[in-house]
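Novice: File name input02.cif; file contents mmCIF, C-alpha atoms; full text below.
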data_start
#
loop_
_atom_site.label_atom_id
_atom_site.label_comp_id
_atom_site.auth_asym_id
_atom_site.auth_seq_id
_atom_site.Cartn_x
_atom_site.Cartn_y
_atom_site.Cartn_z
CA GLU V 1 0.00 0.00 0.00
CA THR V 2 1.21 3.50 -0.73
CA GLY V 3 1.80 5.89 2.12
CA VAL V 4 0.75 9.49 2.60
CA THR V 5 2.64 11.84 0.31
CA GLN V 6 2.80 15.61 0.52
CA SER V 7 4.06 18.23 -1.90
CA PRO V 8 6.06 20.30 -2.01
CA THR V 9 8.49 19.38 0.75
CA HIS V 10 9.69 22.93 1.21
CA LEU V 11 8.23 26.28 0.21
CA ILE V 12 9.22 29.90 0.69
CA LYS V 13 6.62 32.65 0.36
CA THR V 14 6.37 36.31 1.26
CA ARG V 15 3.83 37.91 3.54
CA GLY V 16 0.46 38.50 1.87
CA GLN V 17 0.88 35.77 -0.73
CA GLN V 18 -1.29 32.68 -1.08
CA VAL V 19 -0.13 29.07 -0.91
CA THR V 20 -1.56 25.65 -1.80
CA LEU V 21 -0.24 22.48 -0.21
CA ARG V 22 -1.14 19.05 -1.51
CA CYS V 23 -1.64 15.64 0.04
CA SER V 24 -2.28 12.18 -1.36
CA SER V 25 -3.80 9.96 1.27
CA GLN V 26 -2.92 6.36 1.94
CA SER V 27 -4.62 3.94 -0.41
CA GLY V 28 -8.19 3.22 0.69
CA HIS V 29 -8.35 6.04 3.26
CA ASN V 30 -11.34 8.37 2.99
CA THR V 31 -10.52 10.87 5.71
CA VAL V 32 -7.82 13.53 5.62
CA SER V 33 -6.75 15.82 8.45
CA TRP V 34 -4.37 18.77 8.31
CA TYR V 35 -2.15 19.90 11.16
CA GLN V 36 0.19 22.85 11.69
CA GLN V 37 3.35 22.12 13.66
CA ALA V 38 5.31 25.16 14.76
CA LEU V 39 8.94 24.70 15.74
CA GLY V 40 9.23 23.00 19.12
CA GLN V 41 5.50 22.40 19.45
CA GLY V 42 3.08 19.60 18.83
CA PRO V 43 0.80 19.47 15.80
CA GLN V 44 -2.28 21.70 16.01
CA PHE V 45 -5.46 20.50 14.30
CA ILE V 46 -6.55 22.71 11.40
CA PHE V 47 -9.45 20.74 9.91
CA GLN V 48 -10.58 17.35 8.68
CA TYR V 49 -12.27 16.27 5.47
CA TYR V 50 -14.43 13.18 5.07
CA ARG V 51 -15.92 12.30 1.71
CA GLU V 52 -15.20 15.77 0.34
CA GLU V 53 -16.92 17.61 3.21
CA GLU V 54 -15.30 19.50 6.06
CA ASN V 55 -15.84 17.36 9.15
CA GLY V 56 -14.38 19.37 12.01
CA ARG V 57 -12.26 22.46 12.34
CA GLY V 58 -9.74 23.72 14.85
CA ASN V 59 -9.07 27.27 15.98
CA PHE V 60 -7.77 28.64 12.68
CA PRO V 61 -9.07 31.69 10.77
CA PRO V 62 -11.10 31.38 7.56
CA ARG V 63 -8.07 32.21 5.42
CA PHE V 64 -7.13 28.58 6.03
CA SER V 65 -9.32 26.53 3.73
CA GLY V 66 -9.24 23.10 2.19
CA LEU V 67 -10.59 20.74 -0.40
CA GLN V 68 -10.90 17.00 -0.69
CA PHE V 69 -11.26 15.41 -4.11
CA PRO V 70 -13.19 12.30 -5.17
CA ASN V 71 -9.97 10.27 -5.03
CA TYR V 72 -9.61 11.47 -1.40
CA SER V 73 -6.52 13.55 -2.08
CA SER V 74 -6.61 16.96 -0.46
CA GLU V 75 -5.38 20.53 -0.61
CA LEU V 76 -4.72 23.08 2.08
CA ASN V 77 -4.96 26.70 0.97
CA VAL V 78 -3.74 29.63 3.02
CA ASN V 79 -4.52 33.18 1.89
CA ALA V 80 -2.90 36.43 2.99
CA LEU V 81 0.10 34.69 4.51
CA GLU V 82 1.47 36.01 7.78
CA LEU V 83 4.90 35.51 9.30
CA ASP V 84 3.40 33.30 12.02
CA ASP V 85 2.16 30.88 9.36
CA SER V 86 5.74 29.63 9.05
CA ALA V 87 5.55 26.01 10.21
CA LEU V 88 5.57 22.37 9.17
CA TYR V 89 2.18 21.42 7.71
CA LEU V 90 1.27 17.79 8.17
CA CYS V 91 -1.38 15.80 6.41
CA ALA V 92 -2.76 12.63 7.97
CA SER V 93 -5.13 10.11 6.50
CA SER V 94 -7.35 7.57 8.18
CA LEU V 95 -10.22 5.27 7.39
CA GLU V 96 -13.51 6.37 8.83
CA GLY V 97 -15.38 3.51 10.44
CA GLN V 98 -12.51 1.04 10.63
CA GLY V 99 -9.30 1.80 12.42
CA ARG V 100 -10.35 5.41 12.25
CA GLU V 101 -8.28 6.24 15.26
CA LYS V 102 -5.00 5.47 13.59
CA LEU V 103 -3.58 8.41 11.72
CA PHE V 104 -1.02 7.91 8.99
CA PHE V 105 1.11 11.03 8.58
CA GLY V 106 3.01 12.36 5.62
CA SER V 107 6.47 13.88 6.05
CA GLY V 108 5.05 17.38 5.83
CA THR V 109 5.58 20.59 3.92
CA GLN V 110 7.92 23.09 5.54
CA LEU V 111 6.53 26.57 4.83
CA SER V 112 8.63 29.65 5.43
CA VAL V 113 6.96 33.07 5.20
CA LEU V 114 9.38 36.00 4.82
CA GLY N 115 -11.28 22.11 25.59
CA ASP N 116 -9.08 19.08 25.26
CA SER N 117 -5.42 19.37 26.22
CA VAL N 118 -2.34 17.19 26.61
CA THR N 119 0.63 18.00 28.84
CA GLN N 120 3.94 16.20 28.44
CA MET N 121 7.02 16.34 30.59
CA GLU N 122 9.40 18.89 29.26
CA GLY N 123 12.56 17.77 27.56
CA PRO N 124 15.01 17.23 26.30
CA VAL N 125 15.72 13.89 27.92
CA THR N 126 19.20 12.39 27.59
CA LEU N 127 19.84 8.80 28.63
CA SER N 128 22.57 6.24 28.30
CA GLU N 129 21.90 3.10 26.34
CA GLU N 130 20.02 0.43 28.35
CA ALA N 131 18.65 2.99 30.80
CA PHE N 132 15.00 3.01 31.87
CA LEU N 133 12.77 5.57 30.19
CA THR N 134 9.67 7.30 31.47
CA ILE N 135 8.00 10.19 29.67
CA ASN N 136 5.04 11.58 31.58
CA CYS N 137 1.79 12.55 29.90
CA THR N 138 -1.44 13.84 31.43
CA TYR N 139 -4.58 14.93 29.66
CA THR N 140 -7.81 16.85 30.02
CA ALA N 141 -10.76 15.83 27.89
CA THR N 142 -14.51 15.49 27.86
CA GLY N 143 -15.98 12.06 27.43
CA TYR N 144 -13.82 8.99 26.88
CA PRO N 145 -10.91 9.76 24.56
CA SER N 146 -8.52 7.30 23.02
CA LEU N 147 -4.86 7.89 23.90
CA PHE N 148 -1.79 7.59 21.70
CA TRP N 149 1.96 7.91 21.59
CA TYR N 150 3.48 8.99 18.30
CA VAL N 151 7.19 9.10 17.44
CA GLN N 152 8.90 11.44 15.00
CA TYR N 153 12.35 10.51 13.77
CA PRO N 154 14.54 13.24 12.27
CA GLY N 155 13.29 14.31 8.85
CA GLU N 156 10.25 12.06 8.98
CA GLY N 157 6.54 12.37 9.69
CA LEU N 158 4.86 11.14 12.84
CA GLN N 159 4.37 7.41 13.27
CA LEU N 160 1.96 5.76 15.64
CA LEU N 161 3.92 3.99 18.38
CA LEU N 162 1.09 2.63 20.53
CA LYS N 163 -2.46 3.35 21.60
CA ALA N 164 -5.09 2.55 24.24
CA THR N 165 -8.79 3.05 23.72
CA LYS N 166 -10.27 2.63 27.20
CA ALA N 167 -9.38 2.84 30.86
CA ASP N 168 -6.82 0.31 32.14
CA ASP N 169 -5.85 -0.70 28.59
CA LYS N 170 -2.12 -1.11 28.05
CA GLY N 171 -0.66 -0.23 24.68
CA SER N 172 2.69 -1.75 23.74
CA ASN N 173 5.05 -1.81 20.78
CA LYS N 174 8.79 -2.21 20.22
CA GLY N 175 9.39 -2.56 23.97
CA PHE N 176 7.47 0.63 24.80
CA GLU N 177 4.41 0.51 27.04
CA ALA N 178 1.78 2.91 28.33
CA THR N 179 -1.30 2.30 30.47
CA TYR N 180 -4.50 4.37 30.23
CA ARG N 181 -5.13 5.62 33.77
CA LYS N 182 -8.50 7.33 33.97
CA GLU N 183 -8.26 8.03 37.70
CA THR N 184 -5.08 10.06 37.24
CA THR N 185 -5.81 11.12 33.62
CA SER N 186 -2.37 9.89 32.62
CA PHE N 187 -0.73 7.85 29.88
CA HIS N 188 2.97 7.68 30.74
CA LEU N 189 5.35 6.11 28.24
CA GLU N 190 7.92 3.60 29.54
CA LYS N 191 10.66 1.42 28.16
CA GLY N 192 12.87 -0.82 30.22
CA SER N 193 16.06 -0.51 28.16
CA VAL N 194 16.48 2.22 25.56
CA GLN N 195 18.68 2.00 22.50
CA VAL N 196 20.46 4.65 20.46
CA SER N 197 17.91 4.05 17.70
CA ASP N 198 15.13 5.22 20.05
CA SER N 199 16.42 8.79 19.79
CA ALA N 200 13.48 10.80 18.46
CA VAL N 201 10.71 13.18 19.47
CA TYR N 202 7.79 11.53 21.26
CA PHE N 203 4.28 12.99 21.21
CA CYS N 204 1.39 12.07 23.47
CA ALA N 205 -2.02 12.61 21.90
CA LEU N 206 -5.69 12.05 22.50
CA LEU N 207 -8.55 11.51 20.09
CA ASN N 208 -11.89 12.90 21.11
CA THR N 209 -14.18 10.74 19.03
CA ASN N 210 -17.02 13.23 19.40
CA ALA N 211 -14.98 16.02 17.84
CA GLY N 212 -13.08 13.81 15.42
CA LYS N 213 -9.80 15.58 16.05
CA SER N 214 -6.57 14.60 17.73
CA THR N 215 -4.93 16.87 20.30
CA PHE N 216 -1.16 16.59 20.72
CA GLY N 217 1.28 17.50 23.44
CA ASP N 218 4.33 19.59 22.60
CA GLY N 219 6.63 16.61 22.31
CA THR N 220 9.60 15.32 24.29
CA THR N 221 12.98 14.98 22.62
CA LEU N 222 14.83 11.85 23.64
CA THR N 223 18.54 11.41 22.98
CA VAL N 224 20.13 8.08 23.82
CA LYS N 225 23.92 8.00 24.01
CA PRO N 226 26.02 4.86 23.52
#
For the structure just supplied, provide its representation as structure tokens.

Specialist:
Amino acid sequence: ETGVTQSPTHLIKTRGQQVTLRCSSQSGHNTVSWYQQALGQGPQFIFQYYREEENGRGNFPPRFSGLQFPNYSSELNVNALELDDSALYLCASSLEGQGREKLFFGSGTQLSVL
Amino acid sequence: GDSVTQMEGPVTLSEEAFLTINCTYTATGYPSLFWYVQYPGEGLQLLLKATKADDKGSNKGFEATYRKETTSFHLEKGSVQVSDSAVYFCALLNTNAGKSTFGDGTTLTVKP
């Protein structure tokens, strides 16, 4: 089975720009969650998508948005980037209904906002 | 809201030493509890989990017991190896909210 893959691995943007991060979930997984991990901290939940619908959201502003596609891959979009958005963005997939508690993480996208 | 508190690191041990990393949590309902490990340059990997009170999760010599009375899920290993050097994250899953809440991680360095 293929694992969770994220692209790009690294990205540099300037304040005010927009960014799109991509995630391919593990084969057969229908649920994707996105997390933000600042340096020295644990991952913070951004939102989760299940069958193309947002299925829970953390304490992040609306300029963080997402999509899930019919093949269960996903995008995270961040508008009007701020310096504090610099972090490692992690995507995790899981299978709703069976083993849903086990998250499979990608290696992340390291975003730097200058 | 839900929260997870881990013992602060970094933790440095000699090979074959005993390891304990403390984790306590606050949550509504009956969360599932997890330990994840993050090796340098890699994503998080599930190490072990426990889904109800008094359950013991174990994997690769690591163990943790779900203690509801003390709201704790401490990670232990009897004899650490250099290859165990990594960042360890305690986490809970609130099944009602569908999201996982993570602690800030504890960096473990094991020296030969």

Novice: Find the spatial neighbours of range 178-181 of chain N, counting only C-alpha atoms, within a cut-off of 10 Å - ignore same-chain residues fewer than 2 positions away - and output them as an MDAnalysis selection string.

Specialist: chainID N and resid 134:138 146:149 162:173 176 183:191

Novice: Name the residues captured by the PyMOL selection byres ((chain V and resi 107-114) around 7) when it is applied to the shown file; answer as an MDAnalysis selection string.

Specialist: (chainID V and resid 6:15 82:83 85:91 105:106) or (chainID N and resid 156:157)

Novice: Please provide the set of residues having any atom within 8 Å of range 70-79 of chain V, restricted to only C-alpha atoms, with same-chain residues fewer than 3 positions apart removed, written as a PyMOL selection string.

Specialist: chain V and resi 16-25+29-32+34+51-52+63-67

Novice: Between N:Thr140, N:Ser128, N:Ala200, N:Glu122, which has the minimum distance to Leu158 in chain N (counting only C-alpha atoms)?

Specialist: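 Of the candidates, the smallest distance to Leu158 in chain N is held by N:Ala200.
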
Novice: For the file shown, what are the residues hit by the PyMOL selection byres ((chain N) within 12 of (chain V)), laid out as a PyMOL selection string?

Specialist: chain N and resi 115-120+122-124+145-165+201-221

Novice: Work out how far apart CA of Ser94 in chain V and CA of Gly143 in chain N are and give it in Å to one decimal.

Specialist: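 It comes out at 21.6 Å.
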
Novice: Tell me, in Å to one decimal, how far CA of Leu127 in chain N is from CA of Gly175 in chain N.

Specialist: 16.1 Å
